[in-house]
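As stored in target_3.cif (mmCIF, N, CA and C atoms):
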data_target
loop_
_atom_site.label_atom_id
_atom_site.label_comp_id
_atom_site.auth_asym_id
_atom_site.auth_seq_id
_atom_site.Cartn_x
_atom_site.Cartn_y
_atom_site.Cartn_z
N GLN A 1 4.49 15.29 13.60
CA GLN A 1 4.87 13.93 13.23
C GLN A 1 3.64 13.18 12.73
N VAL A 2 3.76 12.57 11.56
CA VAL A 2 2.66 11.83 10.98
C VAL A 2 2.80 10.35 11.35
N GLN A 3 1.72 9.77 11.78
CA GLN A 3 1.72 8.33 12.05
C GLN A 3 0.77 7.64 11.10
N LEU A 4 1.19 6.47 10.63
CA LEU A 4 0.39 5.68 9.71
C LEU A 4 0.15 4.31 10.33
N VAL A 5 -1.08 3.85 10.26
CA VAL A 5 -1.43 2.55 10.83
C VAL A 5 -2.11 1.73 9.76
N GLU A 6 -1.49 0.60 9.41
CA GLU A 6 -2.06 -0.29 8.41
C GLU A 6 -2.91 -1.37 9.06
N SER A 7 -3.84 -1.89 8.29
CA SER A 7 -4.65 -3.01 8.75
C SER A 7 -5.14 -3.77 7.53
N GLY A 8 -5.64 -5.00 7.77
CA GLY A 8 -6.26 -5.76 6.70
C GLY A 8 -5.45 -6.92 6.17
N GLY A 9 -4.22 -7.09 6.64
CA GLY A 9 -3.44 -8.22 6.18
C GLY A 9 -3.95 -9.53 6.74
N GLY A 10 -3.36 -10.63 6.25
CA GLY A 10 -3.77 -11.93 6.73
C GLY A 10 -3.43 -13.03 5.76
N LEU A 11 -4.05 -14.16 5.96
CA LEU A 11 -3.83 -15.35 5.14
C LEU A 11 -4.99 -15.49 4.16
N VAL A 12 -4.65 -15.71 2.90
CA VAL A 12 -5.68 -15.87 1.87
C VAL A 12 -5.22 -16.92 0.88
N GLN A 13 -6.16 -17.61 0.28
CA GLN A 13 -5.83 -18.62 -0.71
C GLN A 13 -5.52 -17.97 -2.06
N PRO A 14 -4.73 -18.64 -2.89
CA PRO A 14 -4.47 -18.11 -4.24
C PRO A 14 -5.78 -17.84 -4.98
N GLY A 15 -5.83 -16.70 -5.65
CA GLY A 15 -7.03 -16.28 -6.34
C GLY A 15 -7.97 -15.45 -5.49
N GLY A 16 -7.67 -15.37 -4.21
CA GLY A 16 -8.53 -14.62 -3.29
C GLY A 16 -8.22 -13.13 -3.28
N SER A 17 -8.91 -12.44 -2.39
CA SER A 17 -8.79 -10.98 -2.30
C SER A 17 -8.56 -10.54 -0.86
N LEU A 18 -7.90 -9.41 -0.72
CA LEU A 18 -7.75 -8.74 0.56
C LEU A 18 -7.82 -7.24 0.32
N ARG A 19 -8.24 -6.53 1.34
CA ARG A 19 -8.26 -5.07 1.27
C ARG A 19 -7.45 -4.52 2.43
N LEU A 20 -6.38 -3.82 2.09
CA LEU A 20 -5.56 -3.18 3.09
C LEU A 20 -6.00 -1.74 3.28
N SER A 21 -5.86 -1.26 4.50
CA SER A 21 -6.17 0.13 4.80
C SER A 21 -5.00 0.78 5.51
N CYS A 22 -4.86 2.07 5.31
CA CYS A 22 -3.80 2.84 5.97
C CYS A 22 -4.42 4.13 6.47
N ALA A 23 -4.44 4.29 7.77
CA ALA A 23 -5.02 5.48 8.39
C ALA A 23 -3.91 6.43 8.83
N ALA A 24 -3.99 7.67 8.38
CA ALA A 24 -3.01 8.69 8.75
C ALA A 24 -3.50 9.48 9.95
N SER A 25 -2.57 9.95 10.75
CA SER A 25 -2.93 10.67 11.97
C SER A 25 -3.19 12.14 11.73
N THR A 26 -3.12 12.55 10.45
CA THR A 26 -3.33 13.94 10.13
C THR A 26 -4.14 14.04 8.85
N SER A 27 -4.64 15.22 8.57
CA SER A 27 -5.41 15.41 7.35
C SER A 27 -4.55 15.13 6.13
N ILE A 28 -5.06 14.34 5.23
CA ILE A 28 -4.26 13.99 4.06
C ILE A 28 -4.72 14.71 2.79
N SER A 29 -5.68 15.58 2.92
CA SER A 29 -6.23 16.21 1.72
C SER A 29 -5.19 17.05 0.99
N ALA A 30 -4.22 17.59 1.70
CA ALA A 30 -3.22 18.45 1.07
C ALA A 30 -1.88 17.73 0.91
N ILE A 31 -1.84 16.49 1.26
CA ILE A 31 -0.57 15.75 1.22
C ILE A 31 -0.21 15.42 -0.22
N ALA A 32 1.06 15.48 -0.53
CA ALA A 32 1.52 15.28 -1.89
C ALA A 32 1.18 13.90 -2.43
N GLY A 33 1.36 12.88 -1.63
CA GLY A 33 1.10 11.56 -2.16
C GLY A 33 1.15 10.49 -1.10
N MET A 34 0.45 9.42 -1.35
CA MET A 34 0.46 8.25 -0.49
C MET A 34 0.51 7.01 -1.36
N GLY A 35 0.84 5.89 -0.77
CA GLY A 35 0.87 4.68 -1.56
C GLY A 35 1.35 3.49 -0.75
N TRP A 36 1.80 2.48 -1.50
CA TRP A 36 2.19 1.22 -0.86
C TRP A 36 3.48 0.67 -1.45
N TYR A 37 4.29 0.12 -0.58
CA TYR A 37 5.43 -0.69 -0.94
C TYR A 37 5.17 -2.09 -0.37
N ARG A 38 5.98 -3.03 -0.78
CA ARG A 38 5.97 -4.34 -0.14
C ARG A 38 7.39 -4.89 -0.10
N GLN A 39 7.58 -5.78 0.85
CA GLN A 39 8.89 -6.42 0.99
C GLN A 39 8.68 -7.93 1.00
N LEU A 40 9.13 -8.56 -0.08
CA LEU A 40 9.05 -10.01 -0.17
C LEU A 40 10.15 -10.63 0.67
N PRO A 41 9.97 -11.87 1.11
CA PRO A 41 10.99 -12.52 1.93
C PRO A 41 12.35 -12.51 1.24
N GLY A 42 13.36 -12.02 1.93
CA GLY A 42 14.71 -12.01 1.40
C GLY A 42 14.96 -10.97 0.33
N ARG A 43 14.00 -10.07 0.13
CA ARG A 43 14.15 -9.07 -0.92
C ARG A 43 14.09 -7.66 -0.33
N GLU A 44 14.51 -6.70 -1.13
CA GLU A 44 14.42 -5.31 -0.71
C GLU A 44 12.97 -4.82 -0.89
N ARG A 45 12.65 -3.78 -0.18
CA ARG A 45 11.31 -3.20 -0.29
C ARG A 45 11.13 -2.65 -1.71
N GLU A 46 9.95 -2.90 -2.30
CA GLU A 46 9.69 -2.44 -3.66
C GLU A 46 8.42 -1.60 -3.70
N TRP A 47 8.45 -0.57 -4.53
CA TRP A 47 7.29 0.29 -4.71
C TRP A 47 6.21 -0.44 -5.49
N LEU A 48 4.95 -0.29 -5.06
CA LEU A 48 3.84 -0.94 -5.73
C LEU A 48 2.91 0.04 -6.43
N THR A 49 2.48 1.07 -5.70
CA THR A 49 1.49 1.98 -6.25
C THR A 49 1.48 3.26 -5.45
N GLY A 50 1.08 4.34 -6.10
CA GLY A 50 0.97 5.62 -5.43
C GLY A 50 -0.18 6.42 -5.98
N ILE A 51 -0.69 7.32 -5.14
CA ILE A 51 -1.78 8.21 -5.55
C ILE A 51 -1.47 9.60 -5.03
N THR A 52 -1.59 10.61 -5.91
CA THR A 52 -1.30 11.98 -5.51
C THR A 52 -2.54 12.62 -4.90
N SER A 53 -2.36 13.82 -4.38
CA SER A 53 -3.49 14.55 -3.81
C SER A 53 -4.52 14.91 -4.88
N LYS A 54 -4.10 14.90 -6.14
CA LYS A 54 -5.01 15.18 -7.25
C LYS A 54 -5.68 13.92 -7.76
N GLY A 55 -5.32 12.77 -7.17
CA GLY A 55 -5.93 11.52 -7.59
C GLY A 55 -5.22 10.81 -8.72
N GLU A 56 -4.03 11.29 -9.08
CA GLU A 56 -3.26 10.63 -10.13
C GLU A 56 -2.67 9.35 -9.56
N ILE A 57 -2.77 8.28 -10.32
CA ILE A 57 -2.40 6.95 -9.83
C ILE A 57 -1.41 6.28 -10.76
N ARG A 58 -0.48 5.57 -10.16
CA ARG A 58 0.46 4.75 -10.91
C ARG A 58 0.57 3.39 -10.23
N TYR A 59 0.87 2.36 -11.03
CA TYR A 59 1.03 1.00 -10.51
C TYR A 59 2.31 0.37 -11.05
N HIS A 60 2.90 -0.50 -10.24
CA HIS A 60 3.98 -1.37 -10.71
C HIS A 60 3.34 -2.39 -11.66
N ASP A 61 4.08 -2.76 -12.69
CA ASP A 61 3.54 -3.72 -13.66
C ASP A 61 3.12 -5.04 -13.00
N ALA A 62 3.78 -5.41 -11.92
CA ALA A 62 3.49 -6.69 -11.28
C ALA A 62 2.08 -6.76 -10.69
N VAL A 63 1.48 -5.60 -10.42
CA VAL A 63 0.16 -5.59 -9.78
C VAL A 63 -0.90 -4.88 -10.61
N LYS A 64 -0.50 -4.32 -11.73
CA LYS A 64 -1.45 -3.59 -12.57
C LYS A 64 -2.56 -4.53 -13.03
N GLY A 65 -3.79 -4.07 -12.88
CA GLY A 65 -4.94 -4.89 -13.27
C GLY A 65 -5.46 -5.79 -12.16
N ARG A 66 -4.67 -5.96 -11.10
CA ARG A 66 -5.11 -6.80 -9.98
C ARG A 66 -5.31 -5.98 -8.70
N PHE A 67 -4.49 -4.97 -8.51
CA PHE A 67 -4.56 -4.15 -7.31
C PHE A 67 -5.13 -2.78 -7.67
N THR A 68 -5.89 -2.22 -6.74
CA THR A 68 -6.48 -0.89 -6.93
C THR A 68 -6.27 -0.06 -5.68
N ILE A 69 -5.69 1.12 -5.86
CA ILE A 69 -5.49 2.04 -4.75
C ILE A 69 -6.59 3.10 -4.78
N SER A 70 -7.03 3.51 -3.60
CA SER A 70 -8.01 4.58 -3.51
C SER A 70 -7.75 5.34 -2.21
N ARG A 71 -8.25 6.57 -2.16
CA ARG A 71 -8.07 7.35 -0.94
C ARG A 71 -9.38 7.99 -0.54
N ALA A 72 -9.59 8.08 0.75
CA ALA A 72 -10.76 8.72 1.31
C ALA A 72 -10.25 9.85 2.18
N ASN A 73 -10.11 11.04 1.59
CA ASN A 73 -9.49 12.15 2.30
C ASN A 73 -10.25 12.53 3.58
N ALA A 74 -11.56 12.42 3.53
CA ALA A 74 -12.35 12.78 4.70
C ALA A 74 -12.04 11.88 5.89
N LYS A 75 -11.56 10.68 5.59
CA LYS A 75 -11.23 9.73 6.64
C LYS A 75 -9.73 9.56 6.82
N ASN A 76 -8.95 10.39 6.11
CA ASN A 76 -7.48 10.31 6.20
C ASN A 76 -6.98 8.89 5.94
N THR A 77 -7.58 8.23 4.96
CA THR A 77 -7.30 6.82 4.75
C THR A 77 -7.01 6.53 3.29
N VAL A 78 -6.08 5.60 3.08
CA VAL A 78 -5.81 5.06 1.76
C VAL A 78 -6.04 3.55 1.82
N HIS A 79 -6.64 3.03 0.77
CA HIS A 79 -6.93 1.60 0.71
C HIS A 79 -6.18 0.96 -0.45
N LEU A 80 -5.93 -0.33 -0.32
CA LEU A 80 -5.37 -1.11 -1.41
C LEU A 80 -6.21 -2.38 -1.55
N GLN A 81 -7.00 -2.42 -2.60
CA GLN A 81 -7.80 -3.61 -2.90
C GLN A 81 -6.95 -4.55 -3.74
N MET A 82 -6.76 -5.75 -3.23
CA MET A 82 -5.89 -6.72 -3.90
C MET A 82 -6.74 -7.92 -4.32
N ASN A 83 -6.82 -8.14 -5.62
CA ASN A 83 -7.59 -9.25 -6.17
C ASN A 83 -6.67 -10.22 -6.89
N SER A 84 -7.19 -11.41 -7.16
CA SER A 84 -6.43 -12.43 -7.89
C SER A 84 -5.05 -12.63 -7.29
N LEU A 85 -5.00 -12.76 -5.99
CA LEU A 85 -3.72 -12.85 -5.31
C LEU A 85 -2.99 -14.14 -5.66
N LYS A 86 -1.67 -14.02 -5.73
CA LYS A 86 -0.80 -15.12 -6.09
C LYS A 86 0.16 -15.41 -4.93
N PRO A 87 0.70 -16.62 -4.86
CA PRO A 87 1.67 -16.91 -3.79
C PRO A 87 2.84 -15.92 -3.79
N GLU A 88 3.22 -15.44 -4.97
CA GLU A 88 4.34 -14.50 -5.04
C GLU A 88 3.99 -13.11 -4.53
N ASP A 89 2.74 -12.89 -4.17
CA ASP A 89 2.35 -11.64 -3.54
C ASP A 89 2.59 -11.68 -2.02
N THR A 90 2.99 -12.83 -1.51
CA THR A 90 3.27 -12.96 -0.08
C THR A 90 4.40 -12.00 0.31
N ALA A 91 4.10 -11.12 1.25
CA ALA A 91 5.05 -10.07 1.61
C ALA A 91 4.51 -9.29 2.80
N VAL A 92 5.35 -8.42 3.32
CA VAL A 92 4.88 -7.41 4.27
C VAL A 92 4.61 -6.14 3.47
N TYR A 93 3.43 -5.59 3.63
CA TYR A 93 2.99 -4.42 2.87
C TYR A 93 3.07 -3.19 3.76
N TYR A 94 3.70 -2.14 3.21
CA TYR A 94 3.92 -0.91 3.95
C TYR A 94 3.24 0.27 3.26
N CYS A 95 2.53 1.03 4.04
CA CYS A 95 1.95 2.27 3.56
C CYS A 95 2.98 3.39 3.70
N PHE A 96 2.98 4.34 2.77
CA PHE A 96 3.86 5.50 2.90
C PHE A 96 3.09 6.77 2.60
N LEU A 97 3.62 7.86 3.13
CA LEU A 97 3.05 9.19 2.90
C LEU A 97 4.21 10.15 2.66
N ASN A 98 4.12 10.93 1.61
CA ASN A 98 5.16 11.91 1.27
C ASN A 98 4.67 13.31 1.57
N PHE A 99 5.29 13.97 2.52
CA PHE A 99 4.99 15.36 2.84
C PHE A 99 6.24 15.95 3.44
N HIS A 100 7.08 16.56 2.61
CA HIS A 100 8.40 17.08 2.99
C HIS A 100 9.39 15.96 3.29
N LYS A 101 8.91 14.85 3.76
CA LYS A 101 9.70 13.64 3.97
C LYS A 101 8.78 12.45 3.80
N THR A 102 9.37 11.28 3.85
CA THR A 102 8.55 10.07 3.71
C THR A 102 8.29 9.45 5.07
N TYR A 103 7.03 9.20 5.34
CA TYR A 103 6.61 8.52 6.56
C TYR A 103 6.16 7.11 6.20
N TRP A 104 6.40 6.19 7.14
CA TRP A 104 6.08 4.78 6.91
C TRP A 104 5.17 4.23 8.00
N GLY A 105 4.31 3.30 7.60
CA GLY A 105 3.56 2.54 8.56
C GLY A 105 4.41 1.38 9.08
N GLN A 106 3.84 0.61 9.99
CA GLN A 106 4.60 -0.48 10.62
C GLN A 106 4.59 -1.74 9.77
N GLY A 107 3.74 -1.78 8.77
CA GLY A 107 3.67 -2.95 7.90
C GLY A 107 2.58 -3.91 8.32
N THR A 108 2.00 -4.57 7.34
CA THR A 108 1.00 -5.61 7.60
C THR A 108 1.32 -6.80 6.70
N ARG A 109 1.30 -7.99 7.29
CA ARG A 109 1.74 -9.18 6.56
C ARG A 109 0.60 -9.78 5.77
N VAL A 110 0.92 -10.11 4.52
CA VAL A 110 -0.03 -10.80 3.63
C VAL A 110 0.60 -12.12 3.22
N THR A 111 -0.13 -13.20 3.46
CA THR A 111 0.34 -14.53 3.07
C THR A 111 -0.67 -15.15 2.13
N VAL A 112 -0.20 -15.53 0.95
CA VAL A 112 -1.07 -16.16 -0.05
C VAL A 112 -0.62 -17.61 -0.17
N SER A 113 -1.47 -18.50 0.33
CA SER A 113 -1.10 -19.91 0.36
C SER A 113 -2.33 -20.78 0.42
N ALA A 114 -2.23 -21.94 -0.20
CA ALA A 114 -3.33 -22.90 -0.12
C ALA A 114 -3.26 -23.69 1.18
#
Write out the structure in this file as structure tokens.
Amino acid sequence: QVQLVESGGGLVQPGGSLRLSCAASTSISAIAGMGWYRQLPGREREWLTGITSKGEIRYHDAVKGRFTISRANAKNTVHLQMNSLKPEDTAVYYCFLNFHKTYWGQGTRVTVSA
């Protein structure tokens, strides 16, 4: 069983930055892919970005150019650097890992407000 633990959420002003981290309980070097979803208030969970074990990366248009995903396989960790944050980025952010099935973290809340 794979466990994922997110950290780094919080309150930030518009235009600010946050860095989310997701630590996996197992080696991720051979894992097919990891990434992030988010769930805005009253909305369904939406895919944001993913990175494969080969380092191939994709982004949702809503965050392209502002968010950057990276992985540190030696530390079993994936990061999401979020810059130029907007109030509409306020959501709960979930890390996921795909390996035969999809595993989810518990979520970390990000609030962008003045």
Centre and edge lengths of an axis-aligned box around all listed atoms of range 85-100 of chain A, with 3 Å added on each side, are to be given in Å to one decimal, as AutoDock Vina command-line options.
--center_x 2.2 --center_y 0.1 --center_z -0.9 --size_x 20.4 --size_y 40.0 --size_z 16.4
Hey, what comes out of the PyMOL selection byres ((chain A and resi 76-87) around 6.5) on this file? Could you write it as number ranges by chain?
A: 13-24, 26-29, 66-75, 88-90, 112-113
Once DSSP has gone over the backbone, tell me which residues of range 38-72 of chain A are in strand (DSSP E or B), as a compact mmCIF listing (two decimals) with N, CA and C atoms, in the frame of the given file.
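As a result, out-v2.txt now contains:
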# COMPACT_ATOMS: atom_id res chain seq x y z
N ARG A 38 5.98 -3.03 -0.78
CA ARG A 38 5.97 -4.34 -0.14
C ARG A 38 7.39 -4.89 -0.10
N GLN A 39 7.58 -5.78 0.85
CA GLN A 39 8.89 -6.42 0.99
C GLN A 39 8.68 -7.93 1.00
N ARG A 45 12.65 -3.78 -0.18
CA ARG A 45 11.31 -3.20 -0.29
C ARG A 45 11.13 -2.65 -1.71
N GLU A 46 9.95 -2.90 -2.30
CA GLU A 46 9.69 -2.44 -3.66
C GLU A 46 8.42 -1.60 -3.70
N TRP A 47 8.45 -0.57 -4.53
CA TRP A 47 7.29 0.29 -4.71
C TRP A 47 6.21 -0.44 -5.49
N LEU A 48 4.95 -0.29 -5.06
CA LEU A 48 3.84 -0.94 -5.73
C LEU A 48 2.91 0.04 -6.43
N THR A 49 2.48 1.07 -5.70
CA THR A 49 1.49 1.98 -6.25
C THR A 49 1.48 3.26 -5.45
N GLY A 50 1.08 4.34 -6.10
CA GLY A 50 0.97 5.62 -5.43
C GLY A 50 -0.18 6.42 -5.98
N ILE A 51 -0.69 7.32 -5.14
CA ILE A 51 -1.78 8.21 -5.55
C ILE A 51 -1.47 9.60 -5.03
N THR A 52 -1.59 10.61 -5.91
CA THR A 52 -1.30 11.98 -5.51
C THR A 52 -2.54 12.62 -4.90
N ILE A 57 -2.77 8.28 -10.32
CA ILE A 57 -2.40 6.95 -9.83
C ILE A 57 -1.41 6.28 -10.76
N ARG A 58 -0.48 5.57 -10.16
CA ARG A 58 0.46 4.75 -10.91
C ARG A 58 0.57 3.39 -10.23
N TYR A 59 0.87 2.36 -11.03
CA TYR A 59 1.03 1.00 -10.51
C TYR A 59 2.31 0.37 -11.05
N PHE A 67 -4.49 -4.97 -8.51
CA PHE A 67 -4.56 -4.15 -7.31
C PHE A 67 -5.13 -2.78 -7.67
N THR A 68 -5.89 -2.22 -6.74
CA THR A 68 -6.48 -0.89 -6.93
C THR A 68 -6.27 -0.06 -5.68
N ILE A 69 -5.69 1.12 -5.86
CA ILE A 69 -5.49 2.04 -4.75
C ILE A 69 -6.59 3.10 -4.78
N SER A 70 -7.03 3.51 -3.60
CA SER A 70 -8.01 4.58 -3.51
C SER A 70 -7.75 5.34 -2.21
N ARG A 71 -8.25 6.57 -2.16
CA ARG A 71 -8.07 7.35 -0.94
C ARG A 71 -9.38 7.99 -0.54
N ALA A 72 -9.59 8.08 0.75
CA ALA A 72 -10.76 8.72 1.31
C ALA A 72 -10.25 9.85 2.18
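Separating CA of Asn98 in chain A from CA of Tyr37 in chain A is a distance of 12.8 Å.
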Evaluate the PyMOL selection byres (((chain A and resi 91 and name CA) around 6) and name CA) against this structure - the residues, as a PyMOL selection string, please.
chain A and resi 39-40+90+92+110
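Atom N of Thr49 in chain A sits 10.5 Å away from atom C of Lys64 in chain A.
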Kindly indicate which residue among A:Ser25, A:Ile31, A:Glu46, A:Tyr59 lies nearest to Gln1 in chain A, using only N, CA and C atoms for the distances.
A:Ser25
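For the pair CA of Gln3 in chain A and atom C of Val63 in chain A, the separation is 26.4 Å.
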Which residue of A:Trp36, A:Tyr103, A:Arg43, A:Tyr93 approaches Arg58 in chain A most closely, using only C-alpha atoms
A:Trp36
Could you list, as a VMD selection string, every residue within 12 Å of Lys101 in chain A, counting only C-alpha atoms and ignoring same-chain residues fewer than 5 positions away?
chain A and resid 1 to 2 31 to 34 96
With N, CA and C atoms retained, write the just-selected residues as a PDB file, keeping the file's coordinate frame.
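Resulting contents of out15.pdb:
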ATOM      1  N   GLN A   1       4.490  15.290  13.600  1.00  0.00           N
ATOM      2  CA  GLN A   1       4.870  13.930  13.230  1.00  0.00           C
ATOM      3  C   GLN A   1       3.640  13.180  12.730  1.00  0.00           C
ATOM      4  N   VAL A   2       3.760  12.570  11.560  1.00  0.00           N
ATOM      5  CA  VAL A   2       2.660  11.830  10.980  1.00  0.00           C
ATOM      6  C   VAL A   2       2.800  10.350  11.350  1.00  0.00           C
ATOM      7  N   ILE A  31      -1.840  16.490   1.260  1.00  0.00           N
ATOM      8  CA  ILE A  31      -0.570  15.750   1.220  1.00  0.00           C
ATOM      9  C   ILE A  31      -0.210  15.420  -0.220  1.00  0.00           C
ATOM     10  N   ALA A  32       1.060  15.480  -0.530  1.00  0.00           N
ATOM     11  CA  ALA A  32       1.520  15.280  -1.890  1.00  0.00           C
ATOM     12  C   ALA A  32       1.180  13.900  -2.430  1.00  0.00           C
ATOM     13  N   GLY A  33       1.360  12.880  -1.630  1.00  0.00           N
ATOM     14  CA  GLY A  33       1.100  11.560  -2.160  1.00  0.00           C
ATOM     15  C   GLY A  33       1.150  10.490  -1.100  1.00  0.00           C
ATOM     16  N   MET A  34       0.450   9.420  -1.350  1.00  0.00           N
ATOM     17  CA  MET A  34       0.460   8.250  -0.490  1.00  0.00           C
ATOM     18  C   MET A  34       0.510   7.010  -1.360  1.00  0.00           C
ATOM     19  N   PHE A  96       2.980   4.340   2.770  1.00  0.00           N
ATOM     20  CA  PHE A  96       3.860   5.500   2.900  1.00  0.00           C
ATOM     21  C   PHE A  96       3.090   6.770   2.600  1.00  0.00           C
TER      22      PHE A  96
END
Please return, as a CSV table (one decimal) with N, CA and C atoms, in the frame of the given file, all residues of range 60-104 of chain A that DSSP assigns to helix (DSSP H, G or I) on the basis of the backbone.
chain,number,residue,atom,x,y,z
A,73,ASN,N,-10.1,11.0,1.6
A,73,ASN,CA,-9.5,12.2,2.3
A,73,ASN,C,-10.2,12.5,3.6
A,74,ALA,N,-11.6,12.4,3.5
A,74,ALA,CA,-12.4,12.8,4.7
A,74,ALA,C,-12.0,11.9,5.9
A,75,LYS,N,-11.6,10.7,5.6
A,75,LYS,CA,-11.2,9.7,6.6
A,75,LYS,C,-9.7,9.6,6.8
A,87,PRO,N,0.7,-16.6,-4.9
A,87,PRO,CA,1.7,-16.9,-3.8
A,87,PRO,C,2.8,-15.9,-3.8
A,88,GLU,N,3.2,-15.4,-5.0
A,88,GLU,CA,4.3,-14.5,-5.0
A,88,GLU,C,4.0,-13.1,-4.5
A,89,ASP,N,2.7,-12.9,-4.2
A,89,ASP,CA,2.4,-11.6,-3.5
A,89,ASP,C,2.6,-11.7,-2.0
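For the set A:Tyr94, A:Phe99, A:Gly9, A:Gly107, the residue with the smallest atom-to-atom gap to Leu48 in chain A is A:Tyr94, counting only C-alpha atoms.
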A:Leu4, A:Val12, A:Ile57, A:Ala62: which is nearest Leu97 in chain A, counting only N, CA and C atoms?
A:Leu4
May I have the protein, DNA and RNA residues with any atom at most 10 Å from the point (-1.2, -3.7, 14.3), counting only C-alpha atoms, written as a compact mmCIF listing (two decimals) with N, CA and C atoms, in the frame of the given file?
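In the end it all went to out13.txt:
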# COMPACT_ATOMS: atom_id res chain seq x y z
N VAL A 5 -1.08 3.85 10.26
CA VAL A 5 -1.43 2.55 10.83
C VAL A 5 -2.11 1.73 9.76
N GLU A 6 -1.49 0.60 9.41
CA GLU A 6 -2.06 -0.29 8.41
C GLU A 6 -2.91 -1.37 9.06
N SER A 7 -3.84 -1.89 8.29
CA SER A 7 -4.65 -3.01 8.75
C SER A 7 -5.14 -3.77 7.53
N GLY A 8 -5.64 -5.00 7.77
CA GLY A 8 -6.26 -5.76 6.70
C GLY A 8 -5.45 -6.92 6.17
N GLY A 9 -4.22 -7.09 6.64
CA GLY A 9 -3.44 -8.22 6.18
C GLY A 9 -3.95 -9.53 6.74
N GLY A 105 4.31 3.30 7.60
CA GLY A 105 3.56 2.54 8.56
C GLY A 105 4.41 1.38 9.08
N GLN A 106 3.84 0.61 9.99
CA GLN A 106 4.60 -0.48 10.62
C GLN A 106 4.59 -1.74 9.77
N GLY A 107 3.74 -1.78 8.77
CA GLY A 107 3.67 -2.95 7.90
C GLY A 107 2.58 -3.91 8.32
N THR A 108 2.00 -4.57 7.34
CA THR A 108 1.00 -5.61 7.60
C THR A 108 1.32 -6.80 6.70
N ARG A 109 1.30 -7.99 7.29
CA ARG A 109 1.74 -9.18 6.56
C ARG A 109 0.60 -9.78 5.77
